[in-house]
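start.txt, holding compact mmCIF, C-alpha atoms:
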# COMPACT_ATOMS: atom_id res chain seq x y z
CA MET D 1 0.00 0.00 0.00
CA ASN D 2 1.49 3.34 -1.06
CA ILE D 3 1.25 6.69 0.73
CA LYS D 4 -1.39 8.03 -1.68
CA SER D 5 -3.76 5.13 -1.03
CA LEU D 6 -3.30 5.46 2.72
CA LEU D 7 -4.19 9.17 2.66
CA LEU D 8 -7.28 8.59 0.55
CA GLY D 9 -8.50 5.84 2.87
CA SER D 10 -7.98 8.01 5.94
CA ALA D 11 -9.89 10.90 4.38
CA ALA D 12 -12.81 8.62 3.52
CA ALA D 13 -12.92 7.31 7.10
CA LEU D 14 -12.95 10.81 8.56
CA ILE D 15 -15.82 11.88 6.29
CA ALA D 16 -17.84 8.82 7.33
CA VAL D 17 -17.30 9.48 11.03
CA SER D 18 -18.17 13.19 10.66
CA GLY D 19 -21.38 12.30 8.82
CA ALA D 20 -22.39 9.92 11.58
CA ARG D 21 -21.81 12.53 14.27
CA ALA D 22 -23.76 15.11 12.30
CA ALA D 23 -26.68 12.72 12.09
CA ASP D 24 -26.60 12.30 15.90
CA ALA D 25 -26.51 16.10 16.65
CA VAL D 26 -29.32 17.54 18.90
CA VAL D 27 -31.62 19.94 17.05
CA VAL D 28 -32.77 22.81 19.32
CA ALA D 29 -36.46 23.68 18.73
CA GLU D 30 -37.46 27.26 18.08
CA PRO D 31 -39.03 28.85 21.23
CA GLU D 32 -42.80 29.27 21.31
CA PRO D 33 -43.92 32.87 20.81
CA ALA D 34 -44.51 34.54 24.19
CA GLU D 35 -48.17 35.27 24.97
CA TYR D 36 -48.20 38.74 26.49
CA VAL D 37 -51.13 40.14 28.50
CA LYS D 38 -53.30 42.31 26.27
CA ILE D 39 -54.93 45.51 27.43
CA CYS D 40 -58.75 45.55 27.41
CA ASP D 41 -60.21 49.04 27.11
CA VAL D 42 -63.85 48.04 26.57
CA TYR D 43 -64.84 48.56 30.23
CA GLY D 44 -62.50 51.39 31.17
CA ALA D 45 -58.95 51.81 32.41
CA GLY D 46 -57.08 49.04 34.21
CA TYR D 47 -58.62 45.98 32.51
CA PHE D 48 -56.63 43.28 30.73
CA TYR D 49 -57.57 40.05 28.97
CA ILE D 50 -57.11 36.88 30.97
CA PRO D 51 -54.74 34.89 28.68
CA GLY D 52 -56.58 32.38 26.50
CA THR D 53 -60.02 33.89 27.17
CA GLU D 54 -62.27 36.73 26.06
CA THR D 55 -62.77 37.80 29.69
CA CYS D 56 -61.42 41.16 30.82
CA LEU D 57 -60.16 41.45 34.42
CA ARG D 58 -59.33 44.40 36.62
CA VAL D 59 -57.76 44.16 40.10
CA GLY D 60 -57.80 47.09 42.53
CA GLY D 61 -58.58 48.17 46.05
CA TYR D 62 -57.38 50.53 48.74
CA ILE D 63 -55.47 50.80 52.02
CA ARG D 64 -57.01 53.13 54.58
CA GLU D 65 -56.06 54.49 58.00
CA ASP D 66 -58.72 56.18 60.18
CA ILE D 67 -57.83 58.10 63.35
CA GLY D 68 -60.70 59.41 65.47
CA VAL D 69 -61.06 61.42 68.67
CA GLY D 70 -64.00 62.68 70.74
CA ASP D 71 -67.20 61.02 71.92
CA GLY D 72 -67.96 57.41 71.07
CA GLY D 73 -71.49 58.43 70.12
CA SER D 74 -70.12 60.42 67.17
CA PHE D 75 -68.62 57.27 65.55
CA ASP D 76 -65.17 58.73 66.28
CA GLY D 77 -63.95 58.32 69.88
CA VAL D 78 -63.04 55.78 72.55
CA ASN D 79 -64.07 56.81 76.08
CA HIS D 80 -63.65 55.62 79.68
CA VAL D 81 -60.74 53.28 79.18
CA THR D 82 -59.11 52.15 82.43
CA ASP D 83 -55.59 53.53 82.93
CA HIS D 84 -53.03 50.72 83.09
CA GLN D 85 -51.17 52.10 86.14
CA HIS D 86 -53.63 54.14 88.19
CA GLY D 87 -57.05 52.75 87.23
CA ASP D 88 -58.39 56.16 86.20
CA ASP D 89 -60.77 56.63 83.27
CA ASP D 90 -59.10 57.91 80.10
CA SER D 91 -60.12 58.60 76.53
CA THR D 92 -58.04 57.45 73.60
CA TYR D 93 -57.98 57.32 69.84
CA TRP D 94 -60.25 55.24 67.69
CA LYS D 95 -57.96 53.78 65.04
CA GLN D 96 -58.72 51.41 62.21
CA THR D 97 -56.58 50.19 59.34
CA ARG D 98 -58.33 48.52 56.42
CA PHE D 99 -57.07 46.59 53.41
CA THR D 100 -59.64 46.10 50.66
CA LEU D 101 -59.18 43.96 47.57
CA LYS D 102 -61.53 44.39 44.60
CA THR D 103 -61.94 42.53 41.32
CA TRP D 104 -64.04 43.30 38.26
CA THR D 105 -64.59 41.11 35.19
CA GLY D 106 -66.44 41.71 31.94
CA GLN D 107 -67.17 39.73 28.81
CA GLU D 108 -69.49 40.33 25.87
CA THR D 109 -71.98 37.54 25.11
CA GLU D 110 -75.00 37.04 22.86
CA LEU D 111 -77.19 37.75 25.93
CA GLY D 112 -75.44 40.97 26.90
CA THR D 113 -72.43 41.88 29.03
CA LEU D 114 -71.44 39.26 31.60
CA LYS D 115 -69.91 41.00 34.63
CA THR D 116 -68.76 40.15 38.15
CA TYR D 117 -67.60 42.22 41.09
CA THR D 118 -66.01 41.19 44.39
CA GLU D 119 -64.80 43.18 47.39
CA TYR D 120 -63.10 41.74 50.47
CA ARG D 121 -62.20 43.86 53.52
CA ILE D 122 -59.76 43.14 56.36
CA ASN D 123 -59.63 45.44 59.41
CA PHE D 124 -57.23 45.97 62.31
CA GLY D 125 -57.78 48.38 65.20
CA ASN D 126 -60.08 49.08 68.14
CA SER D 127 -63.80 49.96 68.24
CA TYR D 128 -65.33 53.37 68.95
CA GLY D 129 -67.59 53.60 71.99
CA ASP D 130 -67.86 54.32 75.71
CA TYR D 131 -66.45 51.49 77.85
CA GLY D 132 -67.22 52.82 81.32
CA THR D 133 -70.58 54.63 81.50
CA PRO D 134 -73.19 52.05 82.58
CA GLY D 135 -76.18 53.53 80.74
CA LEU D 136 -76.90 55.02 77.34
CA ALA D 137 -78.18 58.58 76.88
CA GLY D 138 -81.27 59.13 79.03
CA ASN D 139 -80.41 56.05 81.17
CA THR D 140 -83.30 54.00 79.76
CA GLU D 141 -80.92 51.37 78.36
CA ALA D 142 -77.82 49.61 79.64
CA ASN D 143 -74.61 50.33 77.78
CA PRO D 144 -73.54 47.05 76.10
CA ASN D 145 -69.94 48.31 75.81
CA ALA D 146 -69.47 48.98 79.54
CA GLY D 147 -66.66 46.85 80.93
CA GLY D 148 -65.89 45.41 77.52
CA ASP D 149 -62.54 45.09 75.76
CA GLY D 150 -63.50 46.60 72.41
CA TRP D 151 -61.12 49.50 73.10
CA GLN D 152 -58.21 47.13 72.58
CA ALA D 153 -56.54 47.02 69.15
CA ARG D 154 -56.87 43.64 67.44
CA ASN D 155 -57.51 41.91 64.18
CA LYS D 156 -61.19 42.68 63.73
CA THR D 157 -63.63 41.70 61.04
CA SER D 158 -62.69 40.33 57.67
CA ALA D 159 -65.71 40.27 55.43
CA LEU D 160 -66.89 39.54 51.93
CA GLU D 161 -68.78 42.76 51.23
CA PHE D 162 -69.64 42.16 47.58
CA ALA D 163 -69.66 39.10 45.30
CA TRP D 164 -72.16 39.28 42.48
CA ILE D 165 -72.69 38.06 38.92
CA GLN D 166 -74.56 40.17 36.36
CA LEU D 167 -75.74 39.22 32.87
CA GLY D 168 -77.35 42.10 31.05
CA GLY D 169 -79.60 43.69 33.67
CA LEU D 170 -79.93 40.60 35.91
CA ARG D 171 -77.75 40.52 39.03
CA VAL D 172 -77.45 37.78 41.69
CA GLY D 173 -75.18 37.53 44.73
CA ALA D 174 -73.98 39.57 47.69
CA ASP D 175 -74.52 43.30 47.27
CA GLU D 176 -75.77 46.36 49.10
CA SER D 177 -79.52 46.90 49.15
CA ALA D 178 -81.03 48.70 46.17
CA PHE D 179 -82.90 50.78 48.76
CA ASP D 180 -79.55 52.56 49.30
CA THR D 181 -77.46 52.03 46.16
CA PHE D 182 -80.11 52.95 43.58
CA ILE D 183 -81.08 56.22 45.25
CA GLY D 184 -77.54 56.96 46.46
CA TYR D 185 -75.71 57.40 49.74
CA ALA D 186 -76.46 60.42 51.92
CA GLY D 187 -73.67 62.69 50.76
CA ASN D 188 -69.89 62.50 50.50
CA VAL D 189 -69.15 62.65 54.22
CA ILE D 190 -67.54 59.66 55.92
CA ASN D 191 -70.14 59.23 58.67
CA ASP D 192 -73.31 59.62 56.62
CA THR D 193 -75.46 57.42 58.91
CA ILE D 194 -75.65 59.58 62.05
CA VAL D 195 -79.34 59.43 61.20
CA PRO D 196 -79.42 56.07 59.35
CA TYR D 197 -81.22 55.73 56.02
CA GLY D 198 -81.34 51.93 55.66
CA ASN D 199 -79.25 48.83 56.15
CA PHE D 200 -76.80 47.69 53.49
CA GLN D 201 -75.45 44.17 53.06
CA THR D 202 -77.74 41.52 51.61
CA ASN D 203 -78.04 38.80 49.01
CA VAL D 204 -80.05 39.94 46.01
CA ILE D 205 -81.82 38.74 42.89
CA GLN D 206 -82.13 42.02 41.04
CA TYR D 207 -83.05 43.39 37.64
CA TYR D 208 -81.88 46.81 36.47
CA PHE D 209 -83.37 48.55 33.42
CA ASP D 210 -81.82 51.53 31.64
CA ALA D 211 -83.86 53.08 28.81
CA GLY D 212 -80.88 55.06 27.56
CA ASN D 213 -82.72 58.39 27.68
CA GLY D 214 -82.21 59.16 31.38
CA PHE D 215 -84.92 56.84 32.72
CA SER D 216 -83.89 53.79 34.74
CA ALA D 217 -85.61 51.37 37.11
CA VAL D 218 -84.77 48.49 39.44
CA VAL D 219 -86.58 45.59 41.11
CA SER D 220 -84.70 43.68 43.81
CA LEU D 221 -85.60 40.59 45.88
CA GLU D 222 -83.45 40.67 49.02
CA GLU D 223 -82.53 38.44 51.96
CA GLY D 224 -81.50 41.17 54.40
CA SER D 225 -78.91 40.59 57.12
CA GLY D 226 -78.57 40.59 60.89
CA GLU D 227 -81.06 39.49 63.52
CA VAL D 228 -83.74 42.01 62.56
CA GLY D 229 -83.13 42.01 58.82
CA THR D 230 -82.61 38.39 57.69
CA ILE D 231 -85.83 36.95 56.24
CA ASP D 232 -87.56 34.34 58.38
CA SER D 233 -89.51 32.58 55.60
CA TYR D 234 -89.51 31.98 51.84
CA VAL D 235 -90.99 35.46 51.34
CA PRO D 236 -88.18 37.90 50.40
CA HIS D 237 -87.95 41.59 51.08
CA VAL D 238 -88.86 43.52 47.91
CA VAL D 239 -87.36 46.82 46.70
CA GLY D 240 -88.39 48.82 43.66
CA GLY D 241 -87.13 52.13 42.32
CA VAL D 242 -87.32 54.58 39.41
CA LYS D 243 -84.93 57.38 38.42
CA TRP D 244 -84.84 60.27 35.94
CA THR D 245 -81.34 61.61 35.25
CA GLN D 246 -80.46 64.64 33.14
CA GLY D 247 -77.59 67.10 32.92
CA TRP D 248 -79.04 69.24 35.70
CA GLY D 249 -79.25 66.32 38.17
CA ALA D 250 -81.72 63.57 39.00
CA ILE D 251 -85.00 62.66 40.73
CA THR D 252 -85.13 59.20 42.32
CA GLY D 253 -87.68 57.23 44.32
CA VAL D 254 -87.43 53.83 46.04
CA VAL D 255 -89.91 51.78 48.05
CA ALA D 256 -89.24 48.64 50.14
CA TYR D 257 -91.42 45.95 51.70
CA ASP D 258 -90.04 44.41 54.90
CA SER D 259 -91.37 40.84 54.87
CA ASN D 260 -90.33 40.13 58.48
CA TYR D 261 -92.40 42.90 60.06
CA GLU D 262 -94.79 43.50 57.13
CA GLU D 263 -93.98 47.21 56.94
CA VAL D 264 -93.29 49.54 54.01
CA ALA D 265 -90.70 52.32 53.70
CA GLY D 266 -89.82 54.73 50.92
CA LYS D 267 -87.39 57.51 50.04
CA VAL D 268 -87.43 60.31 47.46
CA ARG D 269 -84.32 62.22 46.45
CA LEU D 270 -83.48 65.31 44.41
CA ASP D 271 -79.93 65.93 43.12
CA VAL D 272 -79.05 69.28 41.54
CA ASN D 273 -75.82 70.19 39.76
CA VAL D 274 -75.79 73.92 40.46
CA SER D 275 -72.47 74.46 38.68
CA ASN D 276 -69.30 72.59 37.84
CA GLU D 277 -68.14 73.28 41.40
CA LEU D 278 -71.34 72.93 43.46
CA SER D 279 -73.75 69.97 43.74
CA LEU D 280 -76.62 69.67 46.22
CA PHE D 281 -79.00 66.92 47.33
CA ALA D 282 -82.11 66.55 49.47
CA MET D 283 -83.67 63.23 50.51
CA VAL D 284 -86.74 62.41 52.59
CA GLY D 285 -87.89 59.07 53.93
CA TYR D 286 -91.18 57.79 55.31
CA GLY D 287 -92.09 54.38 56.70
CA SER D 288 -94.81 52.58 58.60
CA ASP D 289 -93.70 51.21 61.96
CA ASN D 290 -96.57 49.72 63.98
CA ASN D 291 -95.07 46.23 63.95
CA LEU D 292 -91.52 47.54 64.34
CA ASN D 293 -92.58 49.17 67.62
CA ASP D 294 -94.45 46.14 69.01
CA PRO D 295 -92.60 45.04 72.20
CA THR D 296 -94.36 41.65 72.13
CA ASN D 297 -92.50 40.58 68.97
CA ASN D 298 -90.27 37.55 69.35
CA ILE D 299 -87.45 39.76 68.04
CA ASP D 300 -88.05 43.34 69.14
CA ALA D 301 -86.88 45.72 66.39
CA LEU D 302 -87.08 48.73 68.75
CA GLY D 303 -88.64 50.77 65.97
CA ARG D 304 -85.78 50.23 63.50
CA GLY D 305 -86.23 47.78 60.62
CA PHE D 306 -83.87 46.72 57.84
CA TYR D 307 -85.16 49.53 55.58
CA LYS D 308 -86.83 52.06 57.91
CA GLN D 309 -83.82 52.34 60.14
CA TRP D 310 -84.38 55.98 61.14
CA GLY D 311 -86.36 56.92 64.27
CA GLY D 312 -90.12 57.35 63.93
CA ASN D 313 -92.04 57.59 60.67
CA TRP D 314 -90.09 60.22 58.75
CA ALA D 315 -86.56 61.52 58.28
CA ALA D 316 -84.69 64.00 56.08
CA TRP D 317 -81.12 64.34 54.84
CA GLY D 318 -79.53 67.15 52.86
CA GLY D 319 -76.17 68.54 51.90
CA GLY D 320 -73.74 69.00 49.09
CA THR D 321 -70.21 69.18 47.75
CA TYR D 322 -68.22 72.23 46.70
CA LYS D 323 -65.04 71.63 44.69
CA PHE D 324 -62.52 74.41 45.24
CA ASN D 325 -60.21 72.91 42.62
CA GLU D 326 -59.22 69.53 41.20
CA LYS D 327 -57.57 68.54 44.51
CA THR D 328 -59.81 70.01 47.25
CA ALA D 329 -63.51 69.54 48.06
CA PHE D 330 -65.76 70.53 50.96
CA ASN D 331 -68.59 68.14 51.88
CA LEU D 332 -71.53 68.76 54.22
CA GLN D 333 -74.50 66.70 55.39
CA ALA D 334 -77.27 67.37 57.91
CA SER D 335 -79.97 64.90 59.00
CA TYR D 336 -83.01 64.82 61.27
CA ASP D 337 -85.79 62.35 62.06
CA ASP D 338 -89.18 62.00 63.72
CA TRP D 339 -87.59 61.09 67.09
CA LYS D 340 -85.69 64.40 67.03
CA ASN D 341 -82.32 62.77 66.39
CA LEU D 342 -80.05 65.32 64.73
CA GLY D 343 -76.80 64.78 62.89
CA VAL D 344 -74.27 67.04 61.19
CA ALA D 345 -71.09 65.96 59.40
CA ALA D 346 -68.63 68.13 57.46
CA ASN D 347 -65.24 67.42 55.95
CA VAL D 348 -62.52 68.66 53.65
CA ALA D 349 -61.04 66.07 51.28
CA TYR D 350 -57.64 66.80 49.72
CA THR D 351 -55.97 64.73 47.00
CA VAL D 352 -52.26 64.88 47.82
CA VAL D 353 -51.24 63.04 44.65
CA PRO D 354 -53.38 60.89 42.34
CA GLY D 355 -54.49 57.88 44.36
CA LEU D 356 -53.80 59.36 47.82
CA THR D 357 -56.53 61.36 49.59
CA VAL D 358 -56.52 62.86 53.10
CA THR D 359 -59.90 63.75 54.64
CA ALA D 360 -60.52 65.66 57.88
CA GLU D 361 -64.09 65.43 59.25
CA VAL D 362 -66.09 66.75 62.21
CA ASP D 363 -69.25 64.89 63.36
CA TRP D 364 -72.07 65.73 65.76
CA GLN D 365 -74.96 63.59 66.95
CA ARG D 366 -77.72 64.91 69.21
CA VAL D 367 -79.78 62.04 70.60
CA GLY D 368 -83.51 62.71 70.31
CA GLN D 369 -86.00 62.15 73.11
CA GLY D 370 -87.91 59.69 70.93
CA ALA D 371 -84.87 57.41 70.76
CA ILE D 372 -84.55 57.55 74.55
CA ASP D 373 -88.26 56.88 75.11
CA ASN D 374 -88.20 53.92 72.72
CA GLN D 375 -84.95 52.55 74.19
CA SER D 376 -83.37 52.74 70.76
CA VAL D 377 -80.41 55.12 71.11
CA TRP D 378 -78.28 55.00 67.96
CA VAL D 379 -74.65 53.84 67.97
CA ASN D 380 -74.80 53.28 71.77
CA ALA D 381 -74.31 56.97 72.54
CA THR D 382 -74.01 57.63 76.26
CA LYS D 383 -74.54 61.42 76.01
CA LYS D 384 -77.22 63.60 74.49
CA ASP D 385 -74.63 65.60 72.55
CA ASN D 386 -71.75 63.72 70.95
CA VAL D 387 -68.94 65.47 69.06
CA GLY D 388 -65.92 63.94 67.40
CA GLY D 389 -63.33 64.33 64.70
CA LEU D 390 -61.83 61.95 62.18
CA LEU D 391 -58.71 62.00 60.01
CA ARG D 392 -58.56 59.54 57.10
CA PHE D 393 -55.66 58.59 54.84
CA GLN D 394 -56.61 56.49 51.84
CA ARG D 395 -54.49 55.07 49.03
CA ASP D 396 -56.56 53.75 46.14
CA PHE D 397 -55.03 51.47 43.51
Please express what this file holds, its structure, as structure tokens.
Amino acid sequence: MNIKSLLLGSAAALIAVSGARAADAVVVAEPEPAEYVKICDVYGAGYFYIPGTETCLRVGGYIREDIGVGDGGSFDGVNHVTDHQHGDDDSTYWKQTRFTLKTWTGQETELGTLKTYTEYRINFGNSYGDYGTPGLAGNTEANPNAGGDGWQARNKTSALEFAWIQLGGLRVGADESAFDTFIGYAGNVINDTIVPYGNFQTNVIQYYFDAGNGFSAVVSLEEGSGEVGTIDSYVPHVVGGVKWTQGWGAITGVVAYDSNYEEVAGKVRLDVNVSNELSLFAMVGYGSDNNLNDPTNNIDALGRGFYKQWGGNWAAWGGGTYKFNEKTAFNLQASYDDWKNLGVAANVAYTVVPGLTVTAEVDWQRVGQGAIDNQSVWVNATKKDNVGGLLRFQRDF
């Protein structure tokens, strides 16, 4: 064998080996295209498509810190707390921190928009009230807070406030009563229930109609909540309402049937947009209460039902908002009822930066003689006149 033949043989062997190795090489697959979250602007800012679906989701909420001082009967103070060293009676702050998580979803279907809403709240702090005075205002009732430990800071309630499904105009789930939401809350003050205008949380089967020309209506079957409010049979509470909304404001009316005590209550409201800066409202309520005042009832409502929560047959609320500029607003509300309960609340809300608002509020409750006579003093006030102040920091996201 000559040198030339040996070189040719070696070259052929190397080519064969290289071909075999090439055949055994690992082929790296191309990466799958990344599926990025897409923005959904159909329902407003903050929504995005859940990957792989046509459902739009928004996640939000707020963190809030409330600091109150004054009388417990104003919703703001903590009174007659025993001093740790000397045993004297002191007053201290009412403080509450809240974390709230909210979700919204929306999807278009052949039957209309399919929506959901949830809201979950977690609270830490103490509870406003008087923890030493043995009797409530007028001394016709014992003070349920006396000697209690509610003044101590702790992990308090965590609650599912809202969880409903809505298809078109039909809504089912946990919501606030249409007796309050359809007609609107009593102003933009924090403590708007010094004279209460109805209870809130309930399960609903509800239908909302919007004609598109300013006229809207609602019918709501409701379960109620609490000892007085939760229905005791298969007969639900029933709420109905109508509204006319135009550029100048709105006129709204709601009526509710309380199936537990077989009583009826209603409210009428007028909203007026006086200018771009000033808006005013006035609301009146009237309700029957013979059964609510019957002391022989198995559960004595003490004159206050799930819907007619104010004292006596009638009540009135009024107030407004004045916007000084884009950051600062002044809010005022006054209220009065048949039992001569009187409430006034006023605050200034200031937006420090977008998403952070600081509100300073002053509250006053004067307990009416009717509440004393009927042993139904509101918010366990131990004095006739109750004054307090509240400072709120809230970060919305």
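Between D:Asp271 and the candidates D:Ser376, D:Asn199, D:Gly318, D:Ala137, the tightest atom-to-atom separation, counting all atoms listed in the file, involves D:Gly318.
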May I have the residues within 7 Å of D:Tyr93 as a PDB file with C-alpha atoms, in the coordinates of the input, using all atoms listed in the file and disregarding those fewer than 5 positions away in the same chain?
ATOM      1  CA  ILE D  67     -57.830  58.100  63.350  1.00  0.00           C
ATOM      2  CA  GLY D  68     -60.700  59.410  65.470  1.00  0.00           C
ATOM      3  CA  VAL D  69     -61.060  61.420  68.670  1.00  0.00           C
ATOM      4  CA  GLY D  77     -63.950  58.320  69.880  1.00  0.00           C
ATOM      5  CA  VAL D  78     -63.040  55.780  72.550  1.00  0.00           C
TER       6      VAL D  78
END
>> Considering all atoms listed in the file, can you say which of D:Gly87, D:Gly343, D:Gly135, D:Gly241 comes closest to D:Val218?
In response: D:Gly241
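If only C-alpha atoms are the atoms counted, then among D:Asn293, D:Thr245, D:Thr55, D:Thr97 the closest residue to D:Ser216 is D:Thr245.
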> Contacts of D:Ala345 at 12 Å or less, counting only C-alpha atoms, minus same-chain residues fewer than 4 places along, as a ChimeraX atom specification?
Replying inline: /D:74-76,186-195,317-320,330-335,360-366,386-390
Only C-alpha atoms, please: the residues just picked out, written as an mmCIF file, in the coordinates of the input.
data_model
loop_
_atom_site.group_PDB
_atom_site.id
_atom_site.type_symbol
_atom_site.label_atom_id
_atom_site.label_comp_id
_atom_site.auth_asym_id
_atom_site.auth_seq_id
_atom_site.Cartn_x
_atom_site.Cartn_y
_atom_site.Cartn_z
ATOM 1 C CA SER D 74 -70.120 60.420 67.170
ATOM 2 C CA PHE D 75 -68.620 57.270 65.550
ATOM 3 C CA ASP D 76 -65.170 58.730 66.280
ATOM 4 C CA ALA D 186 -76.460 60.420 51.920
ATOM 5 C CA GLY D 187 -73.670 62.690 50.760
ATOM 6 C CA ASN D 188 -69.890 62.500 50.500
ATOM 7 C CA VAL D 189 -69.150 62.650 54.220
ATOM 8 C CA ILE D 190 -67.540 59.660 55.920
ATOM 9 C CA ASN D 191 -70.140 59.230 58.670
ATOM 10 C CA ASP D 192 -73.310 59.620 56.620
ATOM 11 C CA THR D 193 -75.460 57.420 58.910
ATOM 12 C CA ILE D 194 -75.650 59.580 62.050
ATOM 13 C CA VAL D 195 -79.340 59.430 61.200
ATOM 14 C CA TRP D 317 -81.120 64.340 54.840
ATOM 15 C CA GLY D 318 -79.530 67.150 52.860
ATOM 16 C CA GLY D 319 -76.170 68.540 51.900
ATOM 17 C CA GLY D 320 -73.740 69.000 49.090
ATOM 18 C CA PHE D 330 -65.760 70.530 50.960
ATOM 19 C CA ASN D 331 -68.590 68.140 51.880
ATOM 20 C CA LEU D 332 -71.530 68.760 54.220
ATOM 21 C CA GLN D 333 -74.500 66.700 55.390
ATOM 22 C CA ALA D 334 -77.270 67.370 57.910
ATOM 23 C CA SER D 335 -79.970 64.900 59.000
ATOM 24 C CA ALA D 360 -60.520 65.660 57.880
ATOM 25 C CA GLU D 361 -64.090 65.430 59.250
ATOM 26 C CA VAL D 362 -66.090 66.750 62.210
ATOM 27 C CA ASP D 363 -69.250 64.890 63.360
ATOM 28 C CA TRP D 364 -72.070 65.730 65.760
ATOM 29 C CA GLN D 365 -74.960 63.590 66.950
ATOM 30 C CA ARG D 366 -77.720 64.910 69.210
ATOM 31 C CA ASN D 386 -71.750 63.720 70.950
ATOM 32 C CA VAL D 387 -68.940 65.470 69.060
ATOM 33 C CA GLY D 388 -65.920 63.940 67.400
ATOM 34 C CA GLY D 389 -63.330 64.330 64.700
ATOM 35 C CA LEU D 390 -61.830 61.950 62.180
#
